[in-house]
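Taking it in order: structure first as structure tokens, then the write-up.
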Amino acid sequence: MPRMTLRNILLHPDPRLKKVCEPVADVDAKIRKLASDMLETMYDAPGVGLAGPQVGVMKRIFVIDCAEKDAAADPMVLINPQITWVSEGLNTYEEGCLSIPDMYEEVTRPEMVRMSYLDVDGKLHEDEFDELYATAVQHELDHLDGVLFIDHISKMKRAMITSKMKKLKKELARD
Ligand code: NI
């Protein structure tokens, strides 16, 4: 495993967080290094998911770890993920995002999804995700299409969060 490096997490609003990402053409050493860095950056933050565009890499890749607090780590890397099935049943979770720190809102999504993806060895998988995993993979897949969790809430709440984030970014830029 190559040495891992923390990557800088982009904060909303940023035009790169609103773009549709390109598929990964080759699962090569560069992608494996990116995946390691993204996991390290996610754990350091800390968070349960991180997508390529959040570290300024406009590629269809994300990482998650939805293991319970006391359970063993469960790092997953999903490359070129695609939804192949969604449940009719819905679930509502309070979501947050490393690009929108300290802001949480309830979002309703299908409670189960099936997703196909490549792993870091380029091997094709199709897995079913439920509970927190289902929310996480849908939230992260959204990032690859330039969609943030605040795009699923009311316009008024979104505007409020965006204005708070603009203020935060101004403060951070001054330091
Ligand atoms: Ni996010």
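Residues in the structure tokens are numbered from 1 in each chain, the chains being A, B, ... in the order shown, and ligands are numbered from 1 in the order shown.
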
request  = Find the residues near ligand 1. Use a cut-off of 8 Å, count only C-alpha atoms and all ligand atoms, and write them as a ChimeraX atom specification.
outcome  = /A:49-51,54,96-100,139-140,143,148-149

message = When you look at segment 37-39 of chain A with a cut-off of 6 Å (counting only C-alpha atoms), what residues show up, excluding the ones that are within fewer than 5 positions of it in the same chain? I need them as a PyMOL selection string.
response = chain A and resi 4-6

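Residues of segment 9-94 of chain A carrying a DSSP assignment of alpha helix (DSSP H), computed from the backbone, are Ala29, Lys30, Ile31, Arg32, Lys33, Leu34, Ala35, Ser36, Asp37, Met38, Leu39, Glu40, Thr41, Met42, Tyr43 and Asp44 of chain A.
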
Would you mind exporting N, CA, C and O atoms of the selected residues as a short mmCIF file (atom, residue, chain, number, x, y, z; two decimals), in the first residue's frame?
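File produced: result_19.cif:
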data_model
loop_
_atom_site.label_atom_id
_atom_site.label_comp_id
_atom_site.auth_asym_id
_atom_site.auth_seq_id
_atom_site.Cartn_x
_atom_site.Cartn_y
_atom_site.Cartn_z
N ALA A 29 -2.72 2.23 -10.59
CA ALA A 29 -2.04 2.58 -9.33
C ALA A 29 -2.45 3.98 -8.86
O ALA A 29 -2.57 4.23 -7.66
N LYS A 30 -2.66 4.88 -9.81
CA LYS A 30 -3.02 6.25 -9.47
C LYS A 30 -4.40 6.29 -8.78
O LYS A 30 -4.61 7.03 -7.81
N ILE A 31 -5.31 5.46 -9.28
CA ILE A 31 -6.66 5.39 -8.68
C ILE A 31 -6.57 4.75 -7.29
O ILE A 31 -7.25 5.17 -6.35
N ARG A 32 -5.72 3.71 -7.17
CA ARG A 32 -5.57 3.06 -5.85
C ARG A 32 -4.99 4.03 -4.83
O ARG A 32 -5.40 4.04 -3.67
N LYS A 33 -4.05 4.85 -5.26
CA LYS A 33 -3.47 5.88 -4.37
C LYS A 33 -4.55 6.91 -3.99
O LYS A 33 -4.67 7.29 -2.82
N LEU A 34 -5.34 7.30 -4.97
CA LEU A 34 -6.44 8.24 -4.71
C LEU A 34 -7.40 7.64 -3.68
O LEU A 34 -7.80 8.32 -2.73
N ALA A 35 -7.77 6.36 -3.86
CA ALA A 35 -8.71 5.69 -2.95
C ALA A 35 -8.15 5.66 -1.53
O ALA A 35 -8.86 5.94 -0.56
N SER A 36 -6.86 5.32 -1.38
CA SER A 36 -6.22 5.31 -0.06
C SER A 36 -6.24 6.69 0.57
O SER A 36 -6.56 6.84 1.75
N ASP A 37 -5.91 7.69 -0.23
CA ASP A 37 -5.91 9.07 0.28
C ASP A 37 -7.31 9.49 0.71
O ASP A 37 -7.49 10.17 1.72
N MET A 38 -8.30 9.10 -0.09
CA MET A 38 -9.68 9.49 0.23
C MET A 38 -10.15 8.83 1.52
O MET A 38 -10.82 9.47 2.34
N LEU A 39 -9.78 7.55 1.72
CA LEU A 39 -10.15 6.87 2.97
C LEU A 39 -9.49 7.56 4.16
O LEU A 39 -10.13 7.86 5.17
N GLU A 40 -8.19 7.84 4.02
CA GLU A 40 -7.45 8.51 5.09
C GLU A 40 -8.07 9.86 5.42
O GLU A 40 -8.25 10.23 6.58
N THR A 41 -8.43 10.61 4.38
CA THR A 41 -9.01 11.94 4.53
C THR A 41 -10.38 11.85 5.21
O THR A 41 -10.71 12.64 6.09
N MET A 42 -11.16 10.82 4.82
CA MET A 42 -12.49 10.60 5.42
C MET A 42 -12.37 10.27 6.91
O MET A 42 -13.08 10.83 7.73
N TYR A 43 -11.45 9.34 7.25
CA TYR A 43 -11.29 8.95 8.65
C TYR A 43 -10.79 10.12 9.49
O TYR A 43 -11.17 10.29 10.64
N ASP A 44 -9.91 10.93 8.89
CA ASP A 44 -9.32 12.05 9.60
C ASP A 44 -10.37 13.13 9.90
O ASP A 44 -10.28 13.82 10.91
#

Output as JSON lines one row per residue of segment 42-146 of chain A within 10 Å of segment 16-19 of chain A: the closest atom pair and its distance in Å to one decimal place, counting only C-alpha atoms, sorted by chain and residue number ascending.
{"residue": "A:Ala51", "atom": "CA", "partner": "A:Leu17", "partner_atom": "CA", "distance": 9.8}
{"residue": "A:Gly52", "atom": "CA", "partner": "A:Leu17", "partner_atom": "CA", "distance": 9.6}
{"residue": "A:Pro53", "atom": "CA", "partner": "A:Leu17", "partner_atom": "CA", "distance": 6.0}
{"residue": "A:Gln54", "atom": "CA", "partner": "A:Leu17", "partner_atom": "CA", "distance": 6.6}
{"residue": "A:Val55", "atom": "CA", "partner": "A:Arg16", "partner_atom": "CA", "distance": 9.4}
{"residue": "A:Gly56", "atom": "CA", "partner": "A:Arg16", "partner_atom": "CA", "distance": 6.8}
{"residue": "A:Val57", "atom": "CA", "partner": "A:Arg16", "partner_atom": "CA", "distance": 8.8}
{"residue": "A:Met58", "atom": "CA", "partner": "A:Arg16", "partner_atom": "CA", "distance": 7.7}
{"residue": "A:Ser99", "atom": "CA", "partner": "A:Leu17", "partner_atom": "CA", "distance": 8.7}
{"residue": "A:Asp142", "atom": "CA", "partner": "A:Lys18", "partner_atom": "CA", "distance": 9.9}
{"residue": "A:His143", "atom": "CA", "partner": "A:Leu17", "partner_atom": "CA", "distance": 7.0}
{"residue": "A:Leu144", "atom": "CA", "partner": "A:Lys19", "partner_atom": "CA", "distance": 7.5}
{"residue": "A:Asp145", "atom": "CA", "partner": "A:Lys19", "partner_atom": "CA", "distance": 6.2}
{"residue": "A:Gly146", "atom": "CA", "partner": "A:Lys18", "partner_atom": "CA", "distance": 3.8}

Distance query segment 163-171 of chain A at most 8 Å, only C-alpha atoms, self and fewer than 3 positions along chain excluded, as a PyMOL selection string = chain A and resi 11-13+100+159-160+174-175

Save the residues we just selected, C-alpha atoms, as an mmCIF file, in the first residue's frame?
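Dumped to out.cif:
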data_model
loop_
_atom_site.group_PDB
_atom_site.id
_atom_site.type_symbol
_atom_site.label_atom_id
_atom_site.label_comp_id
_atom_site.auth_asym_id
_atom_site.auth_seq_id
_atom_site.Cartn_x
_atom_site.Cartn_y
_atom_site.Cartn_z
ATOM 1 C CA LEU A 11 -16.464 23.329 0.878
ATOM 2 C CA HIS A 12 -19.867 24.266 -0.531
ATOM 3 C CA PRO A 13 -20.439 26.471 -2.482
ATOM 4 C CA ILE A 100 -21.104 21.276 4.403
ATOM 5 C CA ALA A 159 -30.551 29.085 0.907
ATOM 6 C CA MET A 160 -30.044 29.444 4.663
ATOM 7 C CA ARG A 174 -9.249 35.475 6.455
ATOM 8 C CA ASP A 175 -7.346 33.202 8.892
#

Could you pull the residues within 9 Å of Pro110 of chain A, counting only C-alpha atoms, minus those fewer than 6 positions along the same chain, as a PDB file with all heavy atoms, in the first residue's frame?
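Produced file around-v6.pdb, reproduced below:
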ATOM      1  N   VAL A  86     -33.827  -0.096  -6.906  1.00  0.00           N
ATOM      2  CA  VAL A  86     -34.164   0.617  -5.671  1.00  0.00           C
ATOM      3  C   VAL A  86     -35.448   0.042  -5.095  1.00  0.00           C
ATOM      4  O   VAL A  86     -36.334  -0.393  -5.835  1.00  0.00           O
ATOM      5  CB  VAL A  86     -34.349   2.149  -5.877  1.00  0.00           C
ATOM      6  CG1 VAL A  86     -33.083   2.801  -6.384  1.00  0.00           C
ATOM      7  CG2 VAL A  86     -35.506   2.456  -6.813  1.00  0.00           C
ATOM      8  N   SER A  87     -35.553   0.031  -3.771  1.00  0.00           N
ATOM      9  CA  SER A  87     -36.763  -0.459  -3.102  1.00  0.00           C
ATOM     10  C   SER A  87     -37.875   0.573  -3.232  1.00  0.00           C
ATOM     11  O   SER A  87     -37.605   1.758  -3.441  1.00  0.00           O
ATOM     12  CB  SER A  87     -36.472  -0.711  -1.629  1.00  0.00           C
ATOM     13  OG  SER A  87     -36.178   0.511  -0.977  1.00  0.00           O
ATOM     14  N   GLU A  88     -39.123   0.104  -3.116  1.00  0.00           N
ATOM     15  CA  GLU A  88     -40.243   1.039  -3.094  1.00  0.00           C
ATOM     16  C   GLU A  88     -40.298   1.752  -1.754  1.00  0.00           C
ATOM     17  O   GLU A  88     -40.677   2.912  -1.675  1.00  0.00           O
ATOM     18  CB  GLU A  88     -41.554   0.299  -3.334  1.00  0.00           C
ATOM     19  CG  GLU A  88     -41.858   0.106  -4.808  1.00  0.00           C
ATOM     20  CD  GLU A  88     -43.169  -0.629  -5.038  1.00  0.00           C
ATOM     21  OE1 GLU A  88     -44.137  -0.364  -4.298  1.00  0.00           O
ATOM     22  OE2 GLU A  88     -43.194  -1.475  -5.945  1.00  0.00           O
ATOM     23  N   GLY A  89     -39.912   1.041  -0.705  1.00  0.00           N
ATOM     24  CA  GLY A  89     -39.934   1.610   0.632  1.00  0.00           C
ATOM     25  C   GLY A  89     -38.918   2.728   0.772  1.00  0.00           C
ATOM     26  O   GLY A  89     -37.841   2.679   0.185  1.00  0.00           O
ATOM     27  N   LEU A  90     -39.296   3.731   1.557  1.00  0.00           N
ATOM     28  CA  LEU A  90     -38.409   4.876   1.758  1.00  0.00           C
ATOM     29  C   LEU A  90     -37.926   4.920   3.197  1.00  0.00           C
ATOM     30  O   LEU A  90     -38.511   4.292   4.086  1.00  0.00           O
ATOM     31  CB  LEU A  90     -39.155   6.175   1.428  1.00  0.00           C
ATOM     32  CG  LEU A  90     -39.739   6.285   0.023  1.00  0.00           C
ATOM     33  CD1 LEU A  90     -40.558   7.562  -0.113  1.00  0.00           C
ATOM     34  CD2 LEU A  90     -38.651   6.237  -1.042  1.00  0.00           C
ATOM     35  N   ASN A  91     -36.863   5.664   3.417  1.00  0.00           N
ATOM     36  CA  ASN A  91     -36.305   5.829   4.749  1.00  0.00           C
ATOM     37  C   ASN A  91     -35.820   7.272   4.886  1.00  0.00           C
ATOM     38  O   ASN A  91     -35.327   7.847   3.922  1.00  0.00           O
ATOM     39  CB  ASN A  91     -35.130   4.859   4.924  1.00  0.00           C
ATOM     40  CG  ASN A  91     -34.879   4.541   6.381  1.00  0.00           C
ATOM     41  OD1 ASN A  91     -35.514   5.098   7.270  1.00  0.00           O
ATOM     42  ND2 ASN A  91     -33.940   3.649   6.619  1.00  0.00           N
ATOM     43  N   THR A  92     -35.972   7.826   6.072  1.00  0.00           N
ATOM     44  CA  THR A  92     -35.510   9.199   6.298  1.00  0.00           C
ATOM     45  C   THR A  92     -34.374   9.183   7.308  1.00  0.00           C
ATOM     46  O   THR A  92     -34.497   8.588   8.377  1.00  0.00           O
ATOM     47  CB  THR A  92     -36.668  10.079   6.808  1.00  0.00           C
ATOM     48  OG1 THR A  92     -37.703  10.064   5.831  1.00  0.00           O
ATOM     49  CG2 THR A  92     -36.213  11.513   7.028  1.00  0.00           C
ATOM     50  N   ALA A 134     -27.331   2.330   2.763  1.00  0.00           N
ATOM     51  CA  ALA A 134     -28.167   2.746   1.625  1.00  0.00           C
ATOM     52  C   ALA A 134     -28.146   4.266   1.480  1.00  0.00           C
ATOM     53  O   ALA A 134     -28.010   4.798   0.375  1.00  0.00           O
ATOM     54  CB  ALA A 134     -29.598   2.241   1.800  1.00  0.00           C
ATOM     55  N   THR A 135     -28.273   4.955   2.623  1.00  0.00           N
ATOM     56  CA  THR A 135     -28.216   6.423   2.597  1.00  0.00           C
ATOM     57  C   THR A 135     -26.856   6.892   2.102  1.00  0.00           C
ATOM     58  O   THR A 135     -26.759   7.760   1.236  1.00  0.00           O
ATOM     59  CB  THR A 135     -28.493   6.980   4.015  1.00  0.00           C
ATOM     60  OG1 THR A 135     -29.858   6.712   4.332  1.00  0.00           O
ATOM     61  CG2 THR A 135     -28.252   8.468   4.087  1.00  0.00           C
ATOM     62  N   GLN A 138     -26.180   6.369  -1.692  1.00  0.00           N
ATOM     63  CA  GLN A 138     -26.988   7.275  -2.528  1.00  0.00           C
ATOM     64  C   GLN A 138     -26.493   8.715  -2.397  1.00  0.00           C
ATOM     65  O   GLN A 138     -26.437   9.452  -3.387  1.00  0.00           O
ATOM     66  CB  GLN A 138     -28.462   7.174  -2.133  1.00  0.00           C
ATOM     67  CG  GLN A 138     -29.073   5.831  -2.514  1.00  0.00           C
ATOM     68  CD  GLN A 138     -30.510   5.719  -2.032  1.00  0.00           C
ATOM     69  OE1 GLN A 138     -31.429   6.194  -2.682  1.00  0.00           O
ATOM     70  NE2 GLN A 138     -30.711   5.099  -0.874  1.00  0.00           N
TER      71      GLN A 138
END

Spatial neighbours of segment 124-128 of chain A, 10 Å, only C-alpha atoms, chain gap at least 4 places, as a ChimeraX atom specification = /A:78-86,112-120,133-134

Got time to write the residues from that selection, C-alpha atoms, as an mmCIF file, in the first residue's frame?
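Once everything was written out, this is selection-v1.cif:
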data_model
loop_
_atom_site.group_PDB
_atom_site.id
_atom_site.type_symbol
_atom_site.label_atom_id
_atom_site.label_comp_id
_atom_site.auth_asym_id
_atom_site.auth_seq_id
_atom_site.Cartn_x
_atom_site.Cartn_y
_atom_site.Cartn_z
ATOM 1 C CA LEU A 78 -16.812 2.122 -5.160
ATOM 2 C CA ILE A 79 -15.622 2.999 -8.675
ATOM 3 C CA ASN A 80 -18.046 3.774 -11.541
ATOM 4 C CA PRO A 81 -21.011 2.931 -9.290
ATOM 5 C CA GLN A 82 -24.440 2.442 -10.856
ATOM 6 C CA ILE A 83 -27.801 1.860 -9.223
ATOM 7 C CA THR A 84 -29.341 -1.358 -10.562
ATOM 8 C CA TRP A 85 -32.416 -1.502 -8.285
ATOM 9 C CA VAL A 86 -34.164 0.617 -5.671
ATOM 10 C CA MET A 112 -32.595 -0.206 -0.007
ATOM 11 C CA VAL A 113 -30.606 -0.021 -3.231
ATOM 12 C CA ARG A 114 -28.556 -2.401 -5.280
ATOM 13 C CA MET A 115 -25.430 -0.942 -6.834
ATOM 14 C CA SER A 116 -22.845 -2.282 -9.263
ATOM 15 C CA TYR A 117 -19.299 -0.953 -9.037
ATOM 16 C CA LEU A 118 -15.634 -1.788 -9.551
ATOM 17 C CA ASP A 119 -13.349 -2.305 -6.561
ATOM 18 C CA VAL A 120 -9.706 -1.161 -6.353
ATOM 19 C CA TYR A 133 -25.218 2.065 3.970
ATOM 20 C CA ALA A 134 -28.167 2.746 1.625
#

ask   = Could you state the separation of atom CA of Glu105 of chain A and atom CA of Ile64 of chain A in Å, given to one decimal place?
value =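 We find that atom CA of Glu105 of chain A and atom CA of Ile64 of chain A lie 19.4 Å from each other.
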
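One finds atom CA of Leu132 of chain A at 20.8 Å from atom CA of Arg60 of chain A.
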
task = Report as a ChimeraX atom specification: the residues of segment 16-54 of chain A with a DSSP assignment of strand (DSSP E or B), based on the backbone of this structure.
result = /A:22,49-51
